[in-house]
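Asker: Structure incoming, see below.
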Amino acid sequence: MSTNGPVVRLGHLYPDHLNIYADRGNIAVFQRRLEWRGLALDVVEVGLGDEIPEDCNLYYLGGGQDRDQLMVAQDLVGKADSLRRAAEGGAAVLAVCGGYQLMGHSYVAANGEEMAGTALLDLETTAGTDRLIGDVVLSVDLDGATGTVVGYENHAGRTRLGSECAPLGRVHKGHGNNGEDGFEGAVSGRCVGTYLHGPLLPKNPWLADTVLRWALDHSGANIELEPLDDTLERSAHATAVARAGLKR
Amino acid sequence: MTAQIRWTERIDAHAMKRLSPPGWLAATIARAAGRLSRRLGRGGGTTLPGLMLNRLRPQAIAEMASAVPNGVILLSGTNGKTTTARLVRAALDASGARVVANTAGSNLERGVATALLHAEDPDIALFEVDEAALGALVTQTRPRVVVLMNLFRDQLDRYGELEHLAQSWRAVVAELDPETTLVYNADDPAVAEVGAEHPNSVCYGIEDPFVGREHRSHAADNTDCRRCDAPLQYRMVTIGHLGRWECPSCGLTRPQPDVRATNVEFQGMDGQQLTISTPGEPDRGQTDRQTLEPYRGQTDRQTLEPYRGQTDRQTLEPYRGQTDRQTPEPDRGQTDRQTLEPIGVSVDVSLRLPGLPNTYNAVAAAAAALAVGLAPETIAEALGRRRAAFGRAEHIGVGEARVTTLLAKNPAGANENLHMVLNESHPLHLLILLNDRTADGQDVSWIWDVDYELLLDQDRLASVTLGGTRAHDLALRFRYAGADAARMAVVPEPAAALDTALQACGPTGRLYVLPTYTAMLDFRAVLANRGLVREFWEDQ
């Protein structure tokens, strides 16, 4: 497999602490979907205490246990500017679950303790008394494309969006951001946050390709992503939609 | 049906002894429900009677457990409960004790209640307990021994985060009766930190330096120090986050195991040889054993009098054949530690169970059996006799093909199964079955934490058939691992999946079946339909 083409540089933030919901599946999807098109992914792992490089085309944050997420939040708060500058420069950001919460202004825990976020997304999260758990199906409008997105959610946080970002999708099945307003996730520019794991990208390849297109654009490569044979992806996606009792 | 009726009459008589009259009425109703369920073909009734009994009489477990003369052993952990319980059971059986145990994986309160309800005059009780049910069962059974085995990332939708489970175990240990012997795994930092809090504890671990790996698998958790949050360092990694760990920052270190596995030699899928020993043996010369206080304060139990003053059971001989161990020799002119039988023992075990997880299971079982005073030789011999629990490295002939089933329901277990399979010499034909029912976990994202890439990196995969309710998720897992589509088949329905896999491996080939829990039950049902195995509630 040729990977001599342009390279997308991905900053994987806190892979040792934010990896609870199989986040490496999302990285594998980015990697393979580039490789299958003769492109390459260069992954820079950024851990506790490391500087966040500002020259990545794409940043990824996954979900972690409460204890790990707190450690990350304390580390990240002083580096948020690097991430914000990169995002303002057009780099893509995908943040899932705990990572999504860290993209907001703050997370208020059950005991009232407040954890500051990076404020890349205009949202706030408050811990609920119970967890919102289960399969999710969304309809999503993103970057001119419309489609369904399937995944799994498991979060105690109730996230409410401000006026500076839009929800990622409308909930057809599941709880979404807070179990009340019928929306899930948040988007602002090329920064996408969502509670959906499963992992998110394998069963939603069009979403993966949208993010990759942004990252390629940021890298300066003028490349159209060729279509791939997504038979298995479509079949897994359709199965998830059907199991949710919804028609495709 | 004659035997069935006599059996019922017997248990009625015993239940009357242990339960008060209202409890007896509740027990009678609950047992009748179980028989009806079985007769209606609704399953083995391994939980229904207990479920009803707990509803009708919430104190029933406590009442029945307190009447078991030699006490209750509880055993919990993410992985290995069933196998370890079977190994301890074998040792207890060999000692002549009559054992009540919850077989068939019914490890919630209802399963324990059902087992006690059907018990026939037991000498001792042995229950494997769901990690999240441990607290309730400790309160109800007031156990003599609690075994804490491991905490791996598992079924986040059901148990929540590992961290929360560790905290709930910490609370359980804090509430333990000081007399209770806590047996725990020194190699698991989360478990060791909890276990070390208890005054009367015994820890176990693997000491053989040759079984370790250099790196932790991706799925490893608990890798930061529990005390100071610094990343732990490992001199040896065994499974996931288990191994010889230490904190370079605050100095917290894995305790020296009181009961340990050494000289481990794996023999493929057929089993392994190992030595189980306790320090103090002359030629192993471990003199600085200050952490070892395994059986201190337990000397009255060494005489094996009926536990907790059950005076009406004096005629009981729970540990027949143990007379040579009933009078420890305290006056060898040594310190009080020398009275702590058994110290300085070393026995060789020929285990018929493969792989590192079973090394842990064997040493855990030995530690538990030693904690109730069984002789090391009895334990070693009994461990060597035990075959795999259903679905756990179980071999079945299908025509001339040989089918080996390796259950796994989380990344740590699945990774160990892959390592075992990779140690086989021939091309690998796999049937992987993934369900997402409650007992499996509805969140199947864990398959992305399993290192299936190992199969592909070593180019060992001849064919893989993917089945179960989430077969399509497995297909994507393998596609993104880089598997060749021509070697993959996606067949959700288990009977059809088996046929596809058997066709791929050929009529005299070897097939490895890697199912989740309910997928394993489905698979067993397929085999049972073909007359190849018994249904599981008949399988002891």
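As shown in the structure tokens, the chain order sets the letters A, B, ...; within each chain, residues go from 1, and ligands are also counted from 1 in the order they appear.
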Near chain B, meaning an atom within 6 Å, which residues of chain A appear when counting only C-alpha atoms? Write them as a list in words.
Answerer: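 Selected residues: Ala22, Gly25, Gly198, Pro199 and Ala236 of chain A.
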Asker: For the alpha helix (DSSP H) assignment from backbone DSSP, which residues of range 177-223 of chain A qualify? Please present them as a PyMOL selection string.
Answerer: chain A and resi 205-219
Asker: Which polymer residues have any atom within 12 Å of an atom of range 272-277 of chain B, counting only C-alpha atoms, with same-chain residues fewer than 5 positions away left out, as a ChimeraX atom specification?
Answerer: /B:204-208,211,257-267,282-284,286,342-367,370,376-377,379-381,383-384,420
Asker: Identify, on the basis of only C-alpha atoms, every residue whose closest approach to Pro122 in chain B does not exceed 6 Å; exclude the query and any residue fewer than 4 positions from it along the same chain; express the result as a list in words.
Answerer: Arg98, Val99 and Val100 of chain B
Asker: Env of range 166-169 of chain A: 10 Å cut, atoms = only C-alpha atoms, seq-sep filter 5 positions within chain, self excluded. Answer as a list in words.
Answerer: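 Returned residues: Leu121, Asp122, Leu123, Val137, Leu138, Ser139, Val140, Asp141, Leu142, Thr146, Gly147, Thr148, Val149, Arg160, Leu161, Gly176, Asn177, Gly182, Phe183, Glu184, Gly185, Ala186, Val187, Ser188, Gly189, Val192, Gly193 and Thr194 of chain A.
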Asker: Which residue is closest to Pro15 in chain A? Choose from A:Gly47, A:Gly179, A:Gly174, A:Gly134 and count only C-alpha atoms.
Answerer: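 Looking at the shortest contact to Pro15 in chain A, the residue is A:Gly47.
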Asker: Of the candidates A:Val43, A:Val7, A:Val136, A:Ala92, which shows the shortest atom-to-atom distance to Val211 in chain A, using only C-alpha atoms?
Answerer: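 The closest residue to Val211 in chain A is A:Ala92.
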Asker: With a distance cut-off of 10 Å and only C-alpha atoms, select the neighbouring residues of Asp459 in chain B, excluding the residue or stretch itself and same-chain residues fewer than 4 positions from it, and output the selection as an NGL selection string.
Answerer: :B and (427-428 or 453-455 or 483)
Asker: Write the residues of the selection above to a file with N, CA, C and O atoms, as a compact mmCIF listing (two decimals), in the first residue's frame.
Answerer:
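Once everything was written out, this is out-v4.txt:
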```txt
# COMPACT_ATOMS: atom_id res chain seq x y z
N PRO B 427 -2.00 -23.10 11.24
CA PRO B 427 -2.74 -21.92 10.77
C PRO B 427 -4.02 -21.76 11.59
O PRO B 427 -4.64 -22.75 11.96
N LEU B 428 -4.41 -20.55 11.85
CA LEU B 428 -5.50 -20.32 12.79
C LEU B 428 -6.82 -20.07 12.08
O LEU B 428 -6.93 -19.16 11.25
N GLU B 453 -4.80 -7.12 16.05
CA GLU B 453 -3.69 -6.87 15.11
C GLU B 453 -2.59 -7.91 15.24
O GLU B 453 -1.89 -8.18 14.26
N LEU B 454 -2.44 -8.51 16.45
CA LEU B 454 -1.39 -9.52 16.63
C LEU B 454 -1.56 -10.67 15.64
O LEU B 454 -0.58 -11.22 15.14
N LEU B 455 -2.80 -11.06 15.36
CA LEU B 455 -3.06 -12.15 14.44
C LEU B 455 -2.57 -11.80 13.04
O LEU B 455 -2.08 -12.65 12.30
N ALA B 483 -7.41 -6.72 8.09
CA ALA B 483 -7.64 -8.10 7.64
C ALA B 483 -8.06 -8.14 6.18
O ALA B 483 -8.74 -7.23 5.70
```
Asker: Name the residues in contact with range 430-439 of chain B at a cut-off of 8 Å, using only C-alpha atoms, excluding same-chain residues fewer than 3 positions from it; report them as a count of residues only.
Answerer: 29
Asker: Could you check how far CA of Gly23 in chain B sits from CA of Pro49 in chain B, in Å to one decimal?
Answerer: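 One can read the CA of Gly23 in chain B to CA of Pro49 in chain B distance as 12.9 Å.
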Asker: Report, in Å with one decimal, the straight-line distance from CA of Ala192 in chain B to CA of Gln140 in chain B.
Answerer: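 We find that CA of Ala192 in chain B and CA of Gln140 in chain B lie 24.2 Å from each other.
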Asker: Quick one: pick out all strand (DSSP E or B) residues within range 47-244 of chain B from a backbone DSSP run and write them as a ChimeraX atom specification.
Answerer: /B:72-76,99-101,124-129,145-148,181-185,201-206,213,224,231,233-237,243-244
Asker: Pull the closest atom pair for each residue of range 138-176 of chain A that gets at most 12 Å from range 54-73 of chain A, along with the distance in Å to one decimal, counting only C-alpha atoms, ordering rows by chain and then ascending residue number, as JSON lines.
Answerer:
```
{"residue": "A:Glu153", "atom": "CA", "partner": "A:Gly63", "partner_atom": "CA", "distance": 11.1}
{"residue": "A:Asn154", "atom": "CA", "partner": "A:Gly63", "partner_atom": "CA", "distance": 10.2}
{"residue": "A:His155", "atom": "CA", "partner": "A:Gly63", "partner_atom": "CA", "distance": 9.9}
{"residue": "A:Ala156", "atom": "CA", "partner": "A:Asp66", "partner_atom": "CA", "distance": 10.4}
{"residue": "A:Gly157", "atom": "CA", "partner": "A:Asp66", "partner_atom": "CA", "distance": 11.1}
```
Asker: Limited to N, CA, C and O atoms, could you put the picked residues into a file as a PDB file, in the first residue's frame?
Answerer:
```pdb
ATOM      1  N   GLU A 153     -23.811   5.957  23.906  1.00  0.00           N
ATOM      2  CA  GLU A 153     -23.484   7.015  24.869  1.00  0.00           C
ATOM      3  C   GLU A 153     -23.487   6.440  26.282  1.00  0.00           C
ATOM      4  O   GLU A 153     -24.206   5.483  26.574  1.00  0.00           O
ATOM      5  N   ASN A 154     -22.654   7.022  27.126  1.00  0.00           N
ATOM      6  CA  ASN A 154     -22.579   6.618  28.539  1.00  0.00           C
ATOM      7  C   ASN A 154     -21.952   7.775  29.293  1.00  0.00           C
ATOM      8  O   ASN A 154     -20.739   7.896  29.366  1.00  0.00           O
ATOM      9  N   HIS A 155     -22.791   8.664  29.806  1.00  0.00           N
ATOM     10  CA  HIS A 155     -22.259   9.866  30.457  1.00  0.00           C
ATOM     11  C   HIS A 155     -23.198  10.349  31.550  1.00  0.00           C
ATOM     12  O   HIS A 155     -24.415  10.223  31.434  1.00  0.00           O
ATOM     13  N   ALA A 156     -22.596  10.892  32.607  1.00  0.00           N
ATOM     14  CA  ALA A 156     -23.400  11.493  33.674  1.00  0.00           C
ATOM     15  C   ALA A 156     -23.613  12.971  33.406  1.00  0.00           C
ATOM     16  O   ALA A 156     -24.567  13.564  33.908  1.00  0.00           O
ATOM     17  N   GLY A 157     -22.727  13.563  32.606  1.00  0.00           N
ATOM     18  CA  GLY A 157     -22.796  15.003  32.372  1.00  0.00           C
ATOM     19  C   GLY A 157     -24.024  15.399  31.564  1.00  0.00           C
ATOM     20  O   GLY A 157     -24.449  14.682  30.660  1.00  0.00           O
TER      21      GLY A 157
END
```
